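K.L.:
Structure incoming, see below.
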Number of protein chains: 2
Amino acid sequence: MINVALLGYGTVGSGVVEVLNTNQESINKKAGDEINLKYVLDLRDFPGDPIQEKIVHDYEVIANDDSIDIVIEVMGGVEPAYTFVKRALESGKSVCTSNKELVAKHGAELLKIAKEKNINFLFEASVGGGIPIIRPLNSSLTADEIDEITGILNGTTNYILSKMADEGLDFDTVLKDAQDKGYAERNPEADVEGYDACRKIAILSSLAFGQQVDYEDIYTEGITKITAEDIKYAKAMGRSIKLLASSKKVDGKVYAMVAPGMVSTMHPLYSVSNVFNAIFAHGNVLGDVMFYGSGAGKLPTASAVVADAVDAAKHLHQNIITFWSSEKLALSDISTSKKRFFVRINGDLAKAKALFGNVTVVDVGIQGEVGFVTEVMSEADFAKVAESTQCIVNRIRMED
Amino acid sequence: MINVALLGYGTVGSGVVEVLNTNQESINKKAGDEINLKYVLDLRDFPGDPIQEKIVHDYEVIANDDSIDIVIEVMGGVEPAYTFVKRALESGKSVCTSNKELVAKHGAELLKIAKEKNINFLFEASVGGGIPIIRPLNSSLTADEIDEITGILNGTTNYILSKMADEGLDFDTVLKDAQDKGYAERNPEADVEGYDACRKIAILSSLAFGQQVDYEDIYTEGITKITAEDIKYAKAMGRSIKLLASSKKVDGKVYAMVAPGMVSTMHPLYSVSNVFNAIFAHGNVLGDVMFYGSGAGKLPTASAVVADAVDAAKHLHQNIITFWSSEKLALSDISTSKKRFFVRINGDLAKAKALFGNVTVVDVGIQGEVGFVTEVMSEADFAKVAESTQCIVNRIRMED
C-alpha cells in the first residue's frame with residue numbers, strides 16, 4: 001500500500017479525490033500497488049463529505065508521518081506550498097504538484113532535492129492541465145534538440161479571443177460573459193495580462209533547454225488591447241488571433257515572449273479554440289509536433305496530477321532524471337528578434353509607406369485608418385518607428 | 001558505454017544513424033551514458049559510407065555478442081524481424097522497433113519476454129512515426145479509463161485525401177502524383193486499402209484496453225471508392241473526409257474500425273492535413289486530448305526510435321511496465337454500432353425518404369442523384385437497406 005497525502009481540497013483537490021475514487025481499480029493496477037489517500041490538508045472542515053475523516057489542519061501531521069510516500073500539492077501559490085513541498089522532499093516523500101507558480105520559481109531547486117533523495121518531484125499538471133507535455137518533453141523528445149515551443153497555454157484568454165472572433169464582440173463584453181460563466185476570475189489580470197501563460201512558458205523553456213528560465217525575464221503582453229476591429233483584419237487575412245507563449249532558439253540564442261499573434265490557417269495552433277490549450281514544439285530531427293487538450297478544469301487537471309502519482313508510485317525510490325539545472329539561461333533581448341508586423345494607423349497608405357516602407361494593405365473598410373502588414377523587421381526597428389509617430393492604433397505580430 | 005546494434009540500414013535505419021550523429025552529445029547526456037553504435041546488420045555493403053566498418057551480414061554476430069545491450073530493429077515485416085527480436089530479448093538485450101507488423105502480431109508475447117528478463121521492448125515509432133503516443137498512453141494517461149482512440153494514422157492516404165480536397169482532383173490522378181513524389185508506394189494497397197492504419201489501431205487499442213486486439217478482427221475499408229464528388233458534398237457540409245482508424249468502448253463493448261469518415265470543423269482531427277498524422281483520445285476524466293505530428297518519414301521515425309533507445313538505456317535492467325496482456329479482447333461486431341450516414345443515391349428525395357425515412361439533403365447540384373444524411377442508425381440496418389436497392393452510389397459515415 002502506498003500512502004498519499006493531499007494538500008488542498010479546493011477545485012483541483014476535490015477533483016483528485018474524484019479521480020482516485022472513479023478509477024480506483026485501474027489506477028492501482030497501473031501503479032502496481034494500492035494507492036491509499038491517508039490525509040487531506042485543508043484549513044476548512046467538510047462535514048458530511050466522506051473525506052472529512054481524513055482532514056487534517058496541521059501540516060506537521062503529514063510531515064511527521066513516515067508512512068506517507070507521496071504528497072500531492074494542489075494549493076497553488078508560492079507559500080506555504082514551497083515550504084511544505086521542500087520539507088516533504090527532504091524527508092524522502094515524492095511530490096506531485098499542479099502549482100505553476102511554485103514550479104516556475106523553485107522547480108530547479110526542488111528537482112535537485114528529489115534527485116539527491118532518489119525520489120521524484122513531478123509537475124505534469126502545472127502546464128496545459130490534462131495535456132501530457134512535461135513527461136513527453138522529458139521522456140519522449142529525447143533524441144531531439146528542441147528549437148521551438150509555442151503554446152496556447154491559457155484557456156481563459158483563448159475562450160475570450162474565440163468568442164470575440166465567433167460573435168464579433170469586443171473584449172470587455174466577452175470578459176464579462178466569461179466571468180459570469182466562471183471561465184474568468186473576478187480579478188482577471190493574471191490571465192488577460194499574460195502572467196499565467198508567462199509562468200507556464202518559463203517552465204516549458206527550462207525543460208526544453210535544460211536550464212533555469214526566469215519568468216521575470218520573459219517579455220509579456222496580454223490581450224486587453226485586442227479589439228473587434230483587429231479580429232476583422234485577422235479574418236480578412238484568413239488568420240486567427242491567439243495569445244502565444246513562445247520560446248525559440250535562433251543561432252544559439254533563446255528568445256521568449258508572451259504576446260498575441262496572427263496565426264495562419266497553415267499553423268496547427270490556428271484551430272485551437274475556446275478553453276482548449278495546445279503546445280506546439282519543433283525538434284531538429286522530429287520536425288513539428290503538437291499536443292492538444294483541456295488546459296484547465298477540475299478533472300483534466302486532476303487526471304494529470306493522479307497520473308504523476310501513479311508514476312511516483314512506480315518509481316518510489318528511483319529518481320526519474322529531469323534536465324533542468326539551476327544555472328540561469330540568459331534570454332536574448334527581444335529587440336533583435338525579427339518578425340512581420342500587422343499594423344493599423346490613423347492615416348492612409350502613403351503615410352504607412354512613409355513610416356514602414358514596403359507594406360501589404362489589408363482592407364476591411366474602416367474609415368480614416370489603414371491596416372497593413374510590414375516586411376520582416378526587428379522589434380527595435382519597429383519600436384523606433386512607433387516612437388516617431390502618434391498614429392499607430394494597434395500592432396500585432398504575424399506568426400509565420 | 002552502451003552498445004547498440006541496428007538491424008536494417010534502409011530509410012529508417014540510415015535515419016537512426018543520422019539522428020545519433022547529429023544529436024550525439026545531448027542524446028548521451030539524456031541517456032546518462034555514451035550510446036555506441038557497434039553493428040549495423042544489412043545484407044548489402046555500403047562502400048564509402050562511414051557505417052561500412054560496422055556492417056555485419058550475419059545476425060549471429062550480434063546475437064552472440066554479450067556486450068550488446070540494445071537492439072534497434074527497423075527492417076520491417078514479420079520475418080525475420082520476429083526471430084531476431086525474440087532471440088535478442090531472450091538473451092537479455094532490450095529491443096526498440098519501428099515495425100508495426102511485428103508489434104501488432106507479436107507485441108504481447110515480446111512484452112512478456114521483456115518483463116521476464118527485466119529489460120524492455122519499446123515501439124514508439126510503430127504508430128504515428130515521430131508523434132509521442134505509445135509512451136503517453138502507457139505513462140501519462142494512467143489516471144484514466146480510455147474510452148476512445150481515433151487516429152489519422154496513415155500519411156499517404158491523408159495526403160491523397162487532402163490533395164483531392166484542395167485541388168478537386170480524383171483519386172487515381174492524385175495517387176499517381178503521390179507515387180511520382182514518393183509519398184505512395186508503387187503497390188499502394190497497404191496504404192489505400194487501410195491495412196497499415198488497421199495494424200496501427202490494433203496496437204493502440206491493445207495498449208488502451210490492456211488486452212490483445214487482433215488486427216484481423218478489425219473492420220477495414222480504404223479510400224479507393226472516395227471520389228471528387230464525395231468531397232464536394234463534404235465541403236458543402238463544412239466537413240473533410242479523413243481515413244479514420246478508431247476504437248471505441250460503448251457500454252463495456254469495444255468497437256474497432258478503419259474507414260473514411262466525414263469530420264466536422266469542430267473535431268480536432270478536421271484540420272490534420274497532408275502527410276501529417278494525429279491521434280485523438282478520450283479519457284473518462286481527462287476528456288479530449290490529441291497528439292499531432294509527422295506520422296512517417298526518415299528522421300521523425302528515427303527520432304522516435306532513438307528516443308526509445310535513450311529510454312532503454314535509462315532502464316537497462318528495469319522493466320517499464322506495459323499493460324498489454326496476450327488474452328484476446330473480443331471486439332464487438334460493428335453491425336450493432338450506430339452512426340449517421342452520408343449517402344448518395346441515383347434518384348430523388350422521395351426515393352431517399354422511402355429507403356431511409358427522415359433525411360437531411362445536401363445539395364451540390366449533381367444531376368440525377370441526391371445526397372443526404374440519415375438519422376442515427378445501426379450498421380446492420382444500413383446494410384439491410386443497401387442490400388434492398390441498386391441505387392446507392394456511395395456512403396460515408398458521419399463522424400459526430
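Residue numbers start at 1 in each chain; chains themselves are named A, B, ... in the order of the C-alpha cells; ligands are numbered from 1 in the order shown.
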Run DSSP on the backbone of this structure and report the residues of range 96-137 of chain A it assigns to strand (DSSP E), as a list in words.
P.N.:
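Written out, the strand (DSSP E) residues of range 96-137 of chain A are Cys96, Thr97, Phe121 and Leu122 of chain A.
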K.L.:
What does chain B look like after a least-squares fit onto chain A on every Cα paired in order, written as a CSV table (one decimal) with C-alpha atoms, in the first residue's frame?
P.N.:
chain,number,residue,atom,x,y,z
B,1,MET,CA,0.0,0.0,0.0
B,2,ILE,CA,1.2,3.5,-0.9
B,3,ASN,CA,0.1,6.2,1.3
B,4,VAL,CA,-0.7,9.6,-0.2
B,5,ALA,CA,-1.4,13.0,1.4
B,6,LEU,CA,-3.3,15.6,-0.5
B,7,LEU,CA,-2.5,19.3,0.3
B,8,GLY,CA,-5.6,21.4,-0.6
B,9,TYR,CA,-9.2,20.4,-1.0
B,10,GLY,CA,-10.3,23.1,-3.5
B,11,THR,CA,-11.3,22.6,-7.1
B,12,VAL,CA,-8.3,20.5,-8.2
B,13,GLY,CA,-8.0,18.7,-4.8
B,14,SER,CA,-11.6,17.6,-4.9
B,15,GLY,CA,-11.0,16.5,-8.5
B,16,VAL,CA,-8.1,14.4,-7.4
B,17,VAL,CA,-10.3,12.6,-4.9
B,18,GLU,CA,-13.0,12.1,-7.6
B,19,VAL,CA,-10.4,10.6,-10.0
B,20,LEU,CA,-8.9,8.3,-7.4
B,21,ASN,CA,-12.4,7.1,-6.5
B,22,THR,CA,-13.7,6.8,-10.1
B,23,ASN,CA,-10.8,4.8,-11.5
B,24,GLN,CA,-9.5,3.2,-8.3
B,25,GLU,CA,-9.1,-0.3,-9.8
B,26,SER,CA,-7.2,0.6,-13.0
B,27,ILE,CA,-5.1,3.2,-11.1
B,28,ASN,CA,-4.0,0.7,-8.6
B,29,LYS,CA,-3.2,-1.8,-11.3
B,30,LYS,CA,-1.1,0.7,-13.2
B,31,ALA,CA,0.7,1.9,-10.1
B,32,GLY,CA,1.4,-1.7,-9.2
B,33,ASP,CA,0.2,-1.2,-5.7
B,34,GLU,CA,-2.9,0.2,-3.8
B,35,ILE,CA,-2.9,4.0,-3.7
B,36,ASN,CA,-4.4,5.0,-0.3
B,37,LEU,CA,-5.4,8.6,0.4
B,38,LYS,CA,-4.5,8.9,4.1
B,39,TYR,CA,-4.7,12.7,4.7
B,40,VAL,CA,-6.2,15.8,3.1
B,41,LEU,CA,-4.8,19.0,4.4
B,42,ASP,CA,-7.2,22.0,4.4
B,43,LEU,CA,-7.9,24.8,6.8
B,44,ARG,CA,-11.6,24.1,6.4
B,45,ASP,CA,-13.8,21.2,7.6
B,46,PHE,CA,-16.1,19.4,5.2
B,47,PRO,CA,-18.9,17.9,7.4
B,48,GLY,CA,-20.8,15.2,5.6
B,49,ASP,CA,-18.1,14.8,2.9
B,50,PRO,CA,-16.6,11.3,3.0
B,51,ILE,CA,-13.2,13.0,3.0
B,52,GLN,CA,-13.9,14.7,6.4
B,53,GLU,CA,-12.3,11.8,8.4
B,54,LYS,CA,-9.0,12.3,6.5
B,55,ILE,CA,-8.9,16.1,7.0
B,56,VAL,CA,-6.0,17.5,9.0
B,57,HIS,CA,-5.4,21.2,9.6
B,58,ASP,CA,-1.8,21.0,10.6
B,59,TYR,CA,0.9,20.1,8.1
B,60,GLU,CA,3.0,18.7,10.9
B,61,VAL,CA,0.8,15.6,11.0
B,62,ILE,CA,1.8,14.8,7.4
B,63,ALA,CA,5.4,15.9,7.6
B,64,ASN,CA,6.0,13.7,10.6
B,65,ASP,CA,4.2,10.6,9.3
B,66,ASP,CA,6.9,8.3,7.8
B,67,SER,CA,4.2,6.1,6.2
B,68,ILE,CA,3.4,8.8,3.7
B,69,ASP,CA,5.2,8.1,0.4
B,70,ILE,CA,3.7,10.7,-1.9
B,71,VAL,CA,2.5,14.2,-1.3
B,72,ILE,CA,0.1,15.8,-3.8
B,73,GLU,CA,0.2,19.6,-3.6
B,74,VAL,CA,-2.7,21.4,-5.3
B,75,MET,CA,-3.0,24.5,-3.1
B,76,GLY,CA,-1.5,26.9,-5.6
B,77,GLY,CA,0.7,30.0,-4.8
B,78,VAL,CA,4.3,30.0,-3.8
B,79,GLU,CA,3.8,30.0,0.0
B,80,PRO,CA,3.2,27.9,2.0
B,81,ALA,CA,3.3,25.4,-0.8
B,82,TYR,CA,7.1,25.8,-1.2
B,83,THR,CA,7.8,25.3,2.5
B,84,PHE,CA,5.6,22.2,2.6
B,85,VAL,CA,6.9,20.7,-0.6
B,86,LYS,CA,10.5,21.2,0.2
B,87,ARG,CA,10.1,19.7,3.6
B,88,ALA,CA,8.3,16.6,2.1
B,89,LEU,CA,11.1,16.1,-0.4
B,90,GLU,CA,13.8,16.5,2.2
B,91,SER,CA,12.1,13.8,4.3
B,92,GLY,CA,12.0,11.4,1.4
B,93,LYS,CA,8.4,11.8,0.2
B,94,SER,CA,7.9,12.2,-3.6
B,95,VAL,CA,5.8,15.3,-4.5
B,96,CYS,CA,3.3,15.8,-7.4
B,97,THR,CA,2.0,19.3,-8.0
B,98,SER,CA,-0.2,21.3,-10.3
B,99,ASN,CA,1.3,24.6,-9.0
B,100,LYS,CA,2.8,26.6,-11.8
B,101,GLU,CA,3.9,29.5,-9.6
B,102,LEU,CA,5.9,27.0,-7.4
B,103,VAL,CA,7.4,25.1,-10.3
B,104,ALA,CA,8.3,28.2,-12.3
B,105,LYS,CA,10.0,29.8,-9.3
B,106,HIS,CA,11.6,26.8,-7.5
B,107,GLY,CA,11.5,23.9,-10.0
B,108,ALA,CA,15.2,23.5,-10.4
B,109,GLU,CA,15.9,23.5,-6.7
B,110,LEU,CA,13.1,21.0,-5.9
B,111,LEU,CA,14.2,18.7,-8.7
B,112,LYS,CA,17.7,18.8,-7.3
B,113,ILE,CA,16.5,17.8,-3.8
B,114,ALA,CA,14.4,15.0,-5.3
B,115,LYS,CA,17.4,13.7,-7.2
B,116,GLU,CA,19.6,13.8,-4.1
B,117,LYS,CA,16.9,11.9,-2.1
B,118,ASN,CA,16.3,9.4,-5.0
B,119,ILE,CA,12.7,10.3,-5.1
B,120,ASN,CA,10.6,12.4,-7.5
B,121,PHE,CA,9.2,15.9,-8.0
B,122,LEU,CA,6.6,15.7,-10.8
B,123,PHE,CA,4.5,18.6,-12.2
B,124,GLU,CA,2.7,17.4,-15.3
B,125,ALA,CA,-0.4,19.4,-14.3
B,126,SER,CA,1.4,22.7,-13.9
B,127,VAL,CA,1.3,23.3,-17.7
B,128,GLY,CA,-1.5,22.5,-20.1
B,129,GLY,CA,-3.8,20.9,-17.4
B,130,GLY,CA,-4.6,17.4,-18.6
B,131,ILE,CA,-2.4,17.6,-21.7
B,132,PRO,CA,0.7,15.3,-21.4
B,133,ILE,CA,3.5,17.7,-22.2
B,134,ILE,CA,6.0,17.7,-19.3
B,135,ARG,CA,6.6,13.9,-19.5
B,136,PRO,CA,6.8,13.8,-23.3
B,137,LEU,CA,9.3,16.7,-23.2
B,138,ASN,CA,11.3,14.8,-20.6
B,139,SER,CA,11.0,11.2,-21.8
B,140,SER,CA,9.8,11.2,-25.5
B,141,LEU,CA,11.6,14.0,-27.3
B,142,THR,CA,15.0,13.0,-26.0
B,143,ALA,CA,16.5,12.3,-29.4
B,144,ASP,CA,16.0,15.9,-30.4
B,145,GLU,CA,17.3,19.4,-29.8
B,146,ILE,CA,14.1,21.4,-29.3
B,147,ASP,CA,14.4,24.7,-31.1
B,148,GLU,CA,10.9,26.0,-30.6
B,149,ILE,CA,8.0,25.7,-28.2
B,150,THR,CA,4.9,27.8,-28.8
B,151,GLY,CA,1.8,27.3,-26.8
B,152,ILE,CA,-1.7,28.4,-26.3
B,153,LEU,CA,-1.4,28.0,-22.5
B,154,ASN,CA,-4.2,29.9,-21.1
B,155,GLY,CA,-7.8,28.7,-21.5
B,156,THR,CA,-9.4,31.9,-20.3
B,157,THR,CA,-7.8,34.2,-22.9
B,158,ASN,CA,-8.3,31.6,-25.6
B,159,TYR,CA,-12.0,31.5,-24.8
B,160,ILE,CA,-12.2,35.3,-24.9
B,161,LEU,CA,-10.4,35.5,-28.2
B,162,SER,CA,-12.5,32.7,-29.7
B,163,LYS,CA,-15.8,34.3,-28.6
B,164,MET,CA,-14.7,37.7,-29.9
B,165,ALA,CA,-14.0,36.1,-33.2
B,166,ASP,CA,-17.1,34.0,-33.4
B,167,GLU,CA,-19.5,36.7,-32.4
B,168,GLY,CA,-17.8,39.9,-33.3
B,169,LEU,CA,-18.0,41.2,-29.7
B,170,ASP,CA,-15.5,43.5,-28.0
B,171,PHE,CA,-13.1,42.4,-25.2
B,172,ASP,CA,-15.0,43.9,-22.3
B,173,THR,CA,-18.3,42.3,-23.2
B,174,VAL,CA,-16.7,38.9,-23.6
B,175,LEU,CA,-14.7,39.2,-20.4
B,176,LYS,CA,-17.8,39.9,-18.5
B,177,ASP,CA,-19.6,36.9,-20.1
B,178,ALA,CA,-16.5,34.8,-19.2
B,179,GLN,CA,-16.6,36.0,-15.6
B,180,ASP,CA,-20.4,35.2,-15.4
B,181,LYS,CA,-19.7,31.7,-16.7
B,182,GLY,CA,-16.8,31.1,-14.3
B,183,TYR,CA,-14.3,30.9,-17.1
B,184,ALA,CA,-12.5,34.0,-15.9
B,185,GLU,CA,-11.7,35.2,-12.4
B,186,ARG,CA,-13.3,38.3,-10.9
B,187,ASN,CA,-9.7,39.7,-11.0
B,188,PRO,CA,-8.7,38.5,-14.4
B,189,GLU,CA,-5.3,40.2,-14.5
B,190,ALA,CA,-3.2,37.0,-14.2
B,191,ASP,CA,-5.0,35.6,-17.3
B,192,VAL,CA,-5.7,38.6,-19.6
B,193,GLU,CA,-2.3,40.2,-19.0
B,194,GLY,CA,-0.5,37.0,-19.9
B,195,TYR,CA,1.1,36.4,-16.5
B,196,ASP,CA,-0.2,32.8,-16.2
B,197,ALA,CA,1.0,31.9,-19.7
B,198,CYS,CA,4.3,33.5,-18.9
B,199,ARG,CA,4.9,31.2,-15.9
B,200,LYS,CA,4.0,28.2,-18.0
B,201,ILE,CA,6.3,29.0,-20.9
B,202,ALA,CA,9.1,29.6,-18.4
B,203,ILE,CA,8.6,26.0,-17.1
B,204,LEU,CA,8.5,24.5,-20.7
B,205,SER,CA,11.5,26.6,-21.7
B,206,SER,CA,13.5,25.5,-18.7
B,207,LEU,CA,12.8,21.8,-19.6
B,208,ALA,CA,13.3,22.2,-23.3
B,209,PHE,CA,16.7,23.9,-22.9
B,210,GLY,CA,17.7,22.3,-19.6
B,211,GLN,CA,18.4,25.5,-17.7
B,212,GLN,CA,16.5,27.8,-15.5
B,213,VAL,CA,14.4,30.4,-17.4
B,214,ASP,CA,13.2,33.1,-15.0
B,215,TYR,CA,9.7,34.2,-15.9
B,216,GLU,CA,10.5,37.7,-14.9
B,217,ASP,CA,12.8,37.8,-17.9
B,218,ILE,CA,10.1,37.0,-20.4
B,219,TYR,CA,8.6,39.8,-22.4
B,220,THR,CA,4.9,39.6,-21.7
B,221,GLU,CA,1.9,41.3,-23.4
B,222,GLY,CA,-1.7,40.4,-22.7
B,223,ILE,CA,-4.9,40.6,-24.8
B,224,THR,CA,-6.6,43.6,-23.3
B,225,LYS,CA,-5.7,45.8,-26.3
B,226,ILE,CA,-7.2,43.4,-28.9
B,227,THR,CA,-10.4,44.8,-30.4
B,228,ALA,CA,-13.2,43.6,-32.5
B,229,GLU,CA,-11.6,45.6,-35.4
B,230,ASP,CA,-8.3,43.7,-35.0
B,231,ILE,CA,-10.3,40.5,-35.4
B,232,LYS,CA,-11.9,41.8,-38.6
B,233,TYR,CA,-8.5,42.3,-40.0
B,234,ALA,CA,-7.4,38.9,-38.9
B,235,LYS,CA,-10.3,37.3,-40.6
B,236,ALA,CA,-9.6,39.2,-43.8
B,237,MET,CA,-6.2,37.7,-43.8
B,238,GLY,CA,-7.6,34.2,-43.1
B,239,ARG,CA,-5.9,34.2,-39.7
B,240,SER,CA,-6.9,34.0,-36.0
B,241,ILE,CA,-5.5,36.0,-33.1
B,242,LYS,CA,-4.2,33.8,-30.3
B,243,LEU,CA,-2.3,34.6,-27.1
B,244,LEU,CA,1.0,32.8,-27.9
B,245,ALA,CA,3.6,31.9,-25.3
B,246,SER,CA,6.7,31.1,-27.2
B,247,SER,CA,10.4,30.2,-26.8
B,248,LYS,CA,12.7,29.9,-29.8
B,249,LYS,CA,16.3,29.2,-30.2
B,250,VAL,CA,17.8,31.1,-33.2
B,251,ASP,CA,21.5,30.9,-33.9
B,252,GLY,CA,22.1,29.6,-30.4
B,253,LYS,CA,20.2,32.5,-28.8
B,254,VAL,CA,16.9,31.9,-26.9
B,255,TYR,CA,14.1,34.4,-27.3
B,256,ALA,CA,11.0,34.1,-25.2
B,257,MET,CA,7.8,36.0,-25.4
B,258,VAL,CA,4.1,36.1,-24.5
B,259,ALA,CA,2.0,38.2,-26.9
B,260,PRO,CA,-1.0,38.0,-29.2
B,261,GLY,CA,-0.1,36.7,-32.6
B,262,MET,CA,-1.8,36.5,-36.0
B,263,VAL,CA,-1.8,32.7,-36.7
B,264,SER,CA,-2.3,31.4,-40.3
B,265,THR,CA,-4.6,28.5,-41.2
B,266,MET,CA,-1.5,26.5,-42.1
B,267,HIS,CA,-0.3,26.5,-38.4
B,268,PRO,CA,-1.5,23.7,-36.2
B,269,LEU,CA,-2.4,26.2,-33.5
B,270,TYR,CA,-4.8,28.0,-35.8
B,271,SER,CA,-7.9,25.9,-35.0
B,272,VAL,CA,-7.3,25.6,-31.2
B,273,SER,CA,-10.4,27.3,-29.9
B,274,ASN,CA,-12.4,28.1,-26.8
B,275,VAL,CA,-10.9,26.9,-23.5
B,276,PHE,CA,-8.6,24.3,-25.2
B,277,ASN,CA,-4.9,24.6,-24.9
B,278,ALA,CA,-2.2,23.3,-27.2
B,279,ILE,CA,1.6,23.1,-27.2
B,280,PHE,CA,3.5,23.1,-30.5
B,281,ALA,CA,7.1,22.0,-30.5
B,282,HIS,CA,9.8,21.8,-33.2
B,283,GLY,CA,12.7,19.4,-32.9
B,284,ASN,CA,15.7,19.5,-35.1
B,285,VAL,CA,15.1,15.9,-36.3
B,286,LEU,CA,11.5,15.3,-35.3
B,287,GLY,CA,10.1,18.4,-37.1
B,288,ASP,CA,6.6,19.6,-35.9
B,289,VAL,CA,4.7,18.0,-33.1
B,290,MET,CA,1.6,19.3,-31.2
B,291,PHE,CA,-0.2,18.3,-28.0
B,292,TYR,CA,-3.8,19.4,-27.6
B,293,GLY,CA,-6.4,19.1,-24.9
B,294,SER,CA,-8.1,20.6,-21.9
B,295,GLY,CA,-5.7,23.0,-20.4
B,296,ALA,CA,-7.6,23.5,-17.2
B,297,GLY,CA,-10.6,22.4,-15.4
B,298,LYS,CA,-11.1,20.2,-12.3
B,299,LEU,CA,-11.0,16.7,-13.8
B,300,PRO,CA,-8.4,17.1,-16.6
B,301,THR,CA,-6.0,18.8,-14.2
B,302,ALA,CA,-6.7,16.1,-11.5
B,303,SER,CA,-6.1,13.4,-14.2
B,304,ALA,CA,-2.6,14.8,-14.8
B,305,VAL,CA,-1.9,15.0,-11.1
B,306,VAL,CA,-3.0,11.5,-10.4
B,307,ALA,CA,-1.0,10.2,-13.4
B,308,ASP,CA,2.0,11.8,-11.8
B,309,ALA,CA,1.1,10.0,-8.5
B,310,VAL,CA,1.0,6.7,-10.5
B,311,ASP,CA,4.4,7.4,-11.9
B,312,ALA,CA,5.7,8.3,-8.4
B,313,ALA,CA,4.4,5.0,-7.1
B,314,LYS,CA,6.1,3.1,-9.9
B,315,HIS,CA,9.4,4.9,-9.1
B,316,LEU,CA,9.1,5.1,-5.4
B,317,HIS,CA,12.9,5.1,-4.6
B,318,GLN,CA,14.2,5.8,-8.1
B,319,ASN,CA,14.7,9.3,-9.5
B,320,ILE,CA,13.3,10.0,-13.0
B,321,ILE,CA,16.0,12.2,-14.4
B,322,THR,CA,14.9,15.6,-15.4
B,323,PHE,CA,17.2,18.1,-17.1
B,324,TRP,CA,16.6,21.5,-15.5
B,325,SER,CA,19.7,22.9,-14.0
B,326,SER,CA,19.5,25.9,-11.6
B,327,GLU,CA,22.1,27.6,-13.9
B,328,LYS,CA,20.3,30.6,-15.3
B,329,LEU,CA,19.7,30.7,-19.1
B,330,ALA,CA,20.3,34.3,-20.3
B,331,LEU,CA,17.4,35.1,-22.6
B,332,SER,CA,18.3,37.3,-25.6
B,333,ASP,CA,16.8,40.7,-25.7
B,334,ILE,CA,13.7,40.5,-28.0
B,335,SER,CA,14.7,43.8,-29.6
B,336,THR,CA,16.8,41.9,-32.1
B,337,SER,CA,14.0,39.3,-32.7
B,338,LYS,CA,12.6,39.7,-36.2
B,339,LYS,CA,9.0,39.3,-37.5
B,340,ARG,CA,6.4,40.8,-39.8
B,341,PHE,CA,4.0,43.1,-38.0
B,342,PHE,CA,0.3,43.7,-38.7
B,343,VAL,CA,-0.2,47.4,-38.1
B,344,ARG,CA,-3.2,49.8,-38.1
B,345,ILE,CA,-2.5,53.5,-38.4
B,346,ASN,CA,-4.7,56.6,-38.5
B,347,GLY,CA,-3.9,57.8,-42.0
B,348,ASP,CA,-3.5,56.5,-45.5
B,349,LEU,CA,-1.3,54.2,-47.5
B,350,ALA,CA,1.2,56.9,-48.3
B,351,LYS,CA,1.7,57.5,-44.6
B,352,ALA,CA,2.1,53.7,-44.0
B,353,LYS,CA,4.7,53.6,-46.7
B,354,ALA,CA,6.5,56.6,-45.4
B,355,LEU,CA,6.7,55.0,-42.0
B,356,PHE,CA,7.3,51.3,-42.8
B,357,GLY,CA,8.4,51.2,-46.5
B,358,ASN,CA,7.0,48.3,-48.4
B,359,VAL,CA,3.7,47.2,-46.9
B,360,THR,CA,0.8,44.9,-47.8
B,361,VAL,CA,-2.6,46.5,-47.3
B,362,VAL,CA,-5.4,44.6,-45.6
B,363,ASP,CA,-8.8,46.3,-46.3
B,364,VAL,CA,-11.8,45.8,-44.1
B,365,GLY,CA,-13.4,49.1,-44.9
B,366,ILE,CA,-12.7,51.1,-41.7
B,367,GLN,CA,-12.8,54.8,-42.4
B,368,GLY,CA,-9.8,57.0,-41.6
B,369,GLU,CA,-7.3,54.2,-41.0
B,370,VAL,CA,-5.3,51.8,-43.0
B,371,GLY,CA,-4.3,48.2,-41.9
B,372,PHE,CA,-1.3,46.6,-43.4
B,373,VAL,CA,1.5,44.0,-42.9
B,374,THR,CA,5.1,45.1,-42.8
B,375,GLU,CA,8.0,43.2,-44.2
B,376,VAL,CA,10.2,41.3,-41.7
B,377,MET,CA,11.8,43.8,-39.3
B,378,SER,CA,13.3,43.7,-35.8
B,379,GLU,CA,11.4,44.6,-32.7
B,380,ALA,CA,13.9,47.5,-32.2
B,381,ASP,CA,13.2,48.9,-35.7
B,382,PHE,CA,9.5,48.6,-35.1
B,383,ALA,CA,9.8,50.4,-31.8
B,384,LYS,CA,11.8,53.2,-33.3
B,385,VAL,CA,9.1,53.9,-35.9
B,386,ALA,CA,6.4,53.6,-33.3
B,387,GLU,CA,8.1,56.1,-31.1
B,388,SER,CA,8.4,58.6,-34.0
B,389,THR,CA,4.6,58.8,-34.6
B,390,GLN,CA,1.3,59.2,-32.8
B,391,CYS,CA,-0.7,57.5,-35.5
B,392,ILE,CA,-0.4,53.8,-34.6
B,393,VAL,CA,-3.8,52.4,-33.5
B,394,ASN,CA,-2.5,48.8,-32.8
B,395,ARG,CA,0.1,46.3,-33.9
B,396,ILE,CA,0.0,42.5,-33.7
B,397,ARG,CA,2.9,40.2,-34.6
B,398,MET,CA,2.4,37.9,-37.6
B,399,GLU,CA,3.1,34.3,-36.7
B,400,ASP,CA,4.6,32.9,-39.9
K.L.:
Out of range 136-312 of chain A, which residues get helix (DSSP H, G or I) from DSSP, as number ranges by chain?
P.N.:
A: 136-140, 155-167, 171-181, 189-192, 195-209, 215-217, 228-236, 298-312
